[in-house]
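Trainee: The following file, final.cif, comprises mmCIF, C-alpha atoms:
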```
data_work
#
loop_
_atom_site.label_atom_id
_atom_site.label_comp_id
_atom_site.auth_asym_id
_atom_site.auth_seq_id
_atom_site.Cartn_x
_atom_site.Cartn_y
_atom_site.Cartn_z
CA MET A 1 25.44 62.71 32.66
CA LEU A 2 23.31 64.86 30.40
CA SER A 3 22.89 68.40 31.75
CA LYS A 4 19.44 69.84 32.38
CA LYS A 5 20.25 72.53 29.81
CA THR A 6 20.71 69.90 27.11
CA LYS A 7 17.73 67.81 28.22
CA TYR A 8 15.42 70.83 28.22
CA GLY A 9 16.88 72.12 24.96
CA LEU A 10 16.14 68.80 23.27
CA LYS A 11 12.62 68.76 24.70
CA ALA A 12 11.98 72.31 23.48
CA LEU A 13 13.32 71.56 20.00
CA ALA A 14 11.18 68.43 19.83
CA TYR A 15 8.12 70.41 20.94
CA LEU A 16 8.71 73.02 18.23
CA ALA A 17 9.35 70.34 15.60
CA ALA A 18 6.09 68.58 16.47
CA GLN A 19 3.96 71.68 15.89
CA PRO A 20 1.68 71.01 12.92
CA ASP A 21 1.51 74.59 11.64
CA LYS A 22 5.14 75.62 12.30
CA LYS A 23 3.97 79.00 13.66
CA PRO A 24 5.97 80.70 16.41
CA VAL A 25 5.35 79.24 19.88
CA GLN A 26 5.59 81.30 23.05
CA ILE A 27 8.11 80.31 25.70
CA SER A 28 5.35 80.02 28.28
CA GLU A 29 3.58 77.35 26.20
CA ILE A 30 6.73 75.28 25.76
CA ALA A 31 7.64 75.64 29.44
CA GLU A 32 4.18 74.60 30.60
CA ASN A 33 3.84 71.64 28.24
CA GLU A 34 7.36 70.34 28.84
CA ASN A 35 7.47 71.12 32.58
CA ILE A 36 10.52 73.41 32.31
CA SER A 37 11.24 76.58 34.27
CA GLN A 38 10.38 79.47 31.96
CA LYS A 39 13.37 81.57 33.04
CA PHE A 40 15.80 78.70 32.41
CA LEU A 41 14.12 77.91 29.09
CA GLU A 42 14.56 81.53 27.97
CA SER A 43 18.35 81.26 28.23
CA ILE A 44 18.39 77.90 26.44
CA LEU A 45 16.24 79.16 23.55
CA LEU A 46 18.39 82.27 23.28
CA SER A 47 21.48 80.05 22.84
CA LEU A 48 19.67 78.02 20.17
CA ARG A 49 18.63 81.24 18.41
CA LYS A 50 22.15 82.69 18.48
CA THR A 51 23.55 79.48 16.96
CA GLY A 52 21.07 79.36 14.08
CA PHE A 53 18.63 76.65 15.14
CA LEU A 54 15.75 78.94 16.05
CA GLY A 55 14.21 82.17 14.88
CA SER A 56 12.04 84.42 16.98
CA LYS A 57 9.24 86.86 16.34
CA LYS A 58 8.18 89.60 18.74
CA GLY A 59 4.70 90.89 19.42
CA LYS A 60 1.31 89.35 18.86
CA GLY A 61 1.64 85.87 17.40
CA GLY A 62 5.29 85.90 18.38
CA GLY A 63 7.49 83.23 19.83
CA TYR A 64 10.17 80.80 18.72
CA TYR A 65 10.23 78.62 15.61
CA LEU A 66 12.67 76.29 13.84
CA LEU A 67 14.81 77.87 11.12
CA ARG A 68 15.48 74.51 9.50
CA THR A 69 13.42 71.41 8.99
CA PRO A 70 13.73 68.69 11.65
CA GLU A 71 15.52 66.50 9.06
CA GLU A 72 18.25 69.15 8.73
CA ILE A 73 18.96 69.44 12.45
CA SER A 74 21.64 66.95 13.40
CA MET A 75 21.92 65.78 16.98
CA THR A 76 25.69 66.19 16.76
CA ASP A 77 25.26 69.94 16.20
CA VAL A 78 22.63 70.28 18.91
CA MET A 79 24.71 68.38 21.46
CA ARG A 80 27.81 70.46 20.77
CA VAL A 81 25.88 73.72 21.19
CA LEU A 82 24.04 72.72 24.35
CA GLU A 83 26.45 70.31 26.02
CA GLY A 84 29.83 71.36 24.66
CA PRO A 85 32.46 68.83 23.54
CA ILE A 86 31.21 65.30 22.88
CA ALA A 87 34.41 63.75 24.25
CA MET A 88 34.59 63.07 27.97
CA VAL A 89 38.28 63.99 28.19
CA PRO A 90 40.05 66.71 26.19
CA CYS A 91 42.73 64.43 24.70
CA VAL A 92 40.15 62.65 22.49
CA SER A 93 38.12 65.68 21.48
CA LEU A 94 37.87 66.33 17.75
CA ASN A 95 37.04 70.03 18.07
CA PHE A 96 38.40 70.98 21.51
CA TYR A 97 41.59 68.89 21.73
CA GLU A 98 44.01 69.50 24.60
CA THR A 99 46.64 67.26 26.11
CA CYS A 100 45.92 65.93 29.58
CA ASP A 101 48.23 67.40 32.22
CA ASP A 102 48.59 64.11 34.05
CA CYS A 103 49.33 61.89 31.03
CA PRO A 104 52.91 61.46 29.77
CA ASP A 105 51.95 59.53 26.60
CA GLU A 106 48.49 59.45 24.98
CA HIS A 107 49.42 56.50 22.78
CA THR A 108 49.97 54.18 25.73
CA CYS A 109 47.30 55.62 28.02
CA SER A 110 44.54 53.13 28.84
CA VAL A 111 42.04 55.91 29.63
CA HIS A 112 42.73 57.54 26.24
CA LYS A 113 42.05 54.27 24.41
CA LEU A 114 38.77 53.70 26.24
CA MET A 115 37.59 57.29 25.83
CA LEU A 116 38.26 57.15 22.08
CA GLN A 117 35.80 54.27 21.86
CA VAL A 118 33.25 56.09 24.02
CA ARG A 119 33.56 59.24 21.89
CA ASP A 120 33.23 57.31 18.64
CA SER A 121 30.16 55.42 19.90
CA ALA A 122 28.45 58.64 21.02
CA LEU A 123 29.28 60.37 17.74
CA ASP A 124 27.87 57.43 15.81
CA VAL A 125 24.54 57.77 17.63
CA TYR A 126 24.41 61.57 17.27
CA ARG A 127 25.44 61.56 13.61
CA ASN A 128 22.77 59.01 12.75
CA ASN A 129 19.95 60.93 14.38
CA THR A 130 18.23 64.18 13.53
CA LEU A 131 15.52 66.11 15.29
CA LYS A 132 13.02 64.31 13.08
CA ASP A 133 14.24 60.94 14.38
CA ILE A 134 13.66 61.85 18.01
CA ILE A 135 10.09 63.05 17.43
CA SER A 136 9.05 60.11 15.26
#
```
Could I get this structure in the form of C-alpha coordinates?

Mentor:
Amino acid sequence: MLSKKTKYGLKALAYLAAQPDKKPVQISEIAENENISQKFLESILLSLRKTGFLGSKKGKGGGYYLLRTPEEISMTDVMRVLEGPIAMVPCVSLNFYETCDDCPDEHTCSVHKLMLQVRDSALDVYRNNTLKDIIS
(Lines of atoms letter the chains of each structure in order from A and count residues from 1; the text may use other names and numbers.)
(Lines give C-alpha, C1' and ligand atoms only; values in the text may rest on other atoms or scores of the structure.)
Protein backbone atom coordinates (compact mmCIF):
# COMPACT_ATOMS: atom_id res chain seq x y z
CA MET A 1 0.00 0.00 0.00
CA LEU A 2 1.19 3.50 -0.81
CA SER A 3 2.41 5.36 2.28
CA LYS A 4 0.90 8.69 3.27
CA LYS A 5 4.35 10.23 2.83
CA THR A 6 4.39 9.21 -0.83
CA LYS A 7 0.75 10.12 -1.44
CA TYR A 8 1.21 13.59 0.05
CA GLY A 9 4.55 14.06 -1.69
CA LEU A 10 2.93 13.32 -5.05
CA LYS A 11 0.06 15.69 -4.27
CA ALA A 12 2.47 18.46 -3.28
CA LEU A 13 4.60 17.99 -6.39
CA ALA A 14 1.48 18.03 -8.56
CA TYR A 15 0.28 21.21 -6.83
CA LEU A 16 3.62 22.93 -7.47
CA ALA A 17 3.71 21.72 -11.08
CA ALA A 18 0.22 23.10 -11.71
CA GLN A 19 1.14 26.63 -10.62
CA PRO A 20 0.87 28.92 -13.64
CA ASP A 21 3.61 31.35 -12.63
CA LYS A 22 6.10 28.84 -11.13
CA LYS A 23 6.77 31.22 -8.21
CA PRO A 24 7.61 29.76 -4.79
CA VAL A 25 4.57 28.48 -2.88
CA GLN A 26 4.35 28.50 0.90
CA ILE A 27 3.91 25.21 2.73
CA SER A 28 0.75 26.51 4.38
CA GLU A 29 -0.89 27.07 0.97
CA ILE A 30 -0.04 23.57 -0.26
CA ALA A 31 -1.15 22.00 3.03
CA GLU A 32 -4.46 23.85 3.02
CA ASN A 33 -5.28 23.18 -0.64
CA GLU A 34 -4.26 19.53 -0.54
CA ASN A 35 -5.62 18.80 2.95
CA ILE A 36 -2.25 17.70 4.37
CA SER A 37 -0.88 18.28 7.86
CA GLN A 38 1.56 21.19 7.56
CA LYS A 39 4.09 19.65 9.94
CA PHE A 40 4.12 16.35 8.03
CA LEU A 41 4.32 18.19 4.72
CA GLU A 42 7.38 20.12 5.94
CA SER A 43 9.36 16.91 6.38
CA ILE A 44 8.24 15.57 3.00
CA LEU A 45 9.20 18.77 1.16
CA LEU A 46 12.54 18.82 2.95
CA SER A 47 13.26 15.31 1.63
CA LEU A 48 12.30 16.40 -1.88
CA ARG A 49 14.54 19.46 -1.57
CA LYS A 50 17.51 17.44 -0.32
CA THR A 51 17.17 15.03 -3.25
CA GLY A 52 17.07 17.75 -5.91
CA PHE A 53 13.40 17.91 -6.86
CA LEU A 54 12.61 21.18 -5.10
CA GLY A 55 14.25 24.47 -4.34
CA SER A 56 13.26 26.81 -1.57
CA LYS A 57 13.39 30.52 -0.96
CA LYS A 58 13.21 32.17 2.45
CA GLY A 59 11.56 35.42 3.39
CA LYS A 60 8.85 37.44 1.70
CA GLY A 61 7.66 35.71 -1.46
CA GLY A 62 9.38 32.55 -0.27
CA GLY A 63 8.33 28.95 -0.40
CA TYR A 64 9.02 25.83 -2.44
CA TYR A 65 9.31 25.50 -6.21
CA LEU A 66 10.26 22.81 -8.73
CA LEU A 67 13.91 22.74 -9.81
CA ARG A 68 13.08 20.85 -12.99
CA THR A 69 10.20 20.96 -15.40
CA PRO A 70 7.36 18.48 -14.78
CA GLU A 71 8.41 16.62 -17.95
CA GLU A 72 11.85 15.99 -16.42
CA ILE A 73 10.56 14.52 -13.16
CA SER A 74 10.16 10.78 -13.56
CA MET A 75 7.77 8.91 -11.30
CA THR A 76 10.41 6.21 -10.85
CA ASP A 77 12.74 8.74 -9.20
CA VAL A 78 9.98 10.24 -7.06
CA MET A 79 8.76 6.83 -5.88
CA ARG A 80 12.26 5.70 -4.93
CA VAL A 81 12.88 8.87 -2.90
CA LEU A 82 9.54 8.89 -1.11
CA GLU A 83 8.66 5.20 -0.90
CA GLY A 84 12.03 3.48 -1.05
CA PRO A 85 12.64 0.35 -3.14
CA ILE A 86 10.06 -0.38 -5.84
CA ALA A 87 10.33 -4.14 -5.30
CA MET A 88 8.13 -5.71 -2.66
CA VAL A 89 10.80 -8.20 -1.58
CA PRO A 90 14.56 -7.57 -1.45
CA CYS A 91 15.54 -10.49 -3.70
CA VAL A 92 14.02 -8.79 -6.77
CA SER A 93 15.17 -5.25 -6.06
CA LEU A 94 17.33 -3.64 -8.73
CA ASN A 95 18.93 -1.08 -6.42
CA PHE A 96 18.57 -2.62 -2.95
CA TYR A 97 19.10 -6.34 -3.64
CA GLU A 98 19.46 -8.73 -0.73
CA THR A 99 18.90 -12.46 -0.53
CA CYS A 100 15.88 -13.59 1.45
CA ASP A 101 16.82 -15.38 4.68
CA ASP A 102 14.09 -17.97 4.29
CA CYS A 103 14.72 -18.89 0.65
CA PRO A 104 17.25 -21.60 -0.26
CA ASP A 105 17.12 -20.98 -4.03
CA GLU A 106 15.81 -17.82 -5.75
CA HIS A 107 15.69 -19.53 -9.14
CA THR A 108 13.09 -22.06 -8.03
CA CYS A 109 11.19 -19.82 -5.61
CA SER A 110 7.58 -19.21 -6.67
CA VAL A 111 7.38 -15.96 -4.68
CA HIS A 112 10.52 -14.65 -6.42
CA LYS A 113 9.05 -15.36 -9.86
CA LEU A 114 5.79 -13.60 -9.03
CA MET A 115 7.49 -10.60 -7.41
CA LEU A 116 9.72 -10.14 -10.47
CA GLN A 117 6.58 -9.69 -12.56
CA VAL A 118 5.06 -7.30 -10.02
CA ARG A 119 8.27 -5.23 -9.90
CA ASP A 120 8.54 -5.09 -13.68
CA SER A 121 4.90 -4.04 -14.06
CA ALA A 122 5.26 -1.27 -11.47
CA LEU A 123 8.51 -0.06 -13.05
CA ASP A 124 6.85 0.02 -16.45
CA VAL A 125 4.12 2.32 -15.12
CA TYR A 126 6.55 4.58 -13.23
CA ARG A 127 9.04 4.80 -16.11
CA ASN A 128 6.30 5.78 -18.54
CA ASN A 129 4.95 8.59 -16.40
CA THR A 130 6.34 11.94 -15.40
CA LEU A 131 4.99 14.63 -13.13
CA LYS A 132 3.51 16.27 -16.22
CA ASP A 133 1.52 13.12 -16.98
CA ILE A 134 -0.13 13.04 -13.57
CA ILE A 135 -1.25 16.68 -13.71
CA SER A 136 -2.57 16.52 -17.27

Trainee: For a test of reading the model, state the distance in Å between atom CA of Thr69 of chain A and atom CA of Phe53 of chain A, rounded to one decimal.

Mentor: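 Atom CA of Phe53 of chain A lies 9.6 Å from atom CA of Thr69 of chain A.
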
Trainee: For this structure, which residues satisfy the selection - the PyMOL selection byres ((chain A and resi 95) around 12) - when it is evaluated on the file as given? I want them as a list in words.

Mentor: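 Given this file, the PyMOL selection byres ((chain A and resi 95) around 12) evaluates to Asp77, Arg80, Gly84, Pro85, Ile86, Ala87, Val89, Pro90, Cys91, Val92, Ser93, Leu94, Phe96, Tyr97, Glu98 and Arg119 of chain A.
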
Trainee: Can you spell out as an NGL selection string the set of residues that the PyMOL selection byres ((chain A and resi 79) around 12) selects in the structure I just provided?

Mentor: :A and (2-3 or 5-10 or 13 or 48 or 73-78 or 80-87 or 122-123 or 125-127 or 129-131)

Trainee: For this file, the PyMOL selection byres ((chain A and resi 34) around 10) selects which residues, as JSON, numbers by chain?

Mentor: {"A": [8, 11, 12, 14, 15, 28, 29, 30, 31, 32, 33, 35, 36, 37]}

Trainee: Using all atoms listed in the file, find the one residue out of A:Glu42, A:Gln19, A:Lys4, A:Glu72 that sits nearest to Asp133 of chain A.

Mentor: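 Under the stated criterion, the closest residue is A:Glu72.
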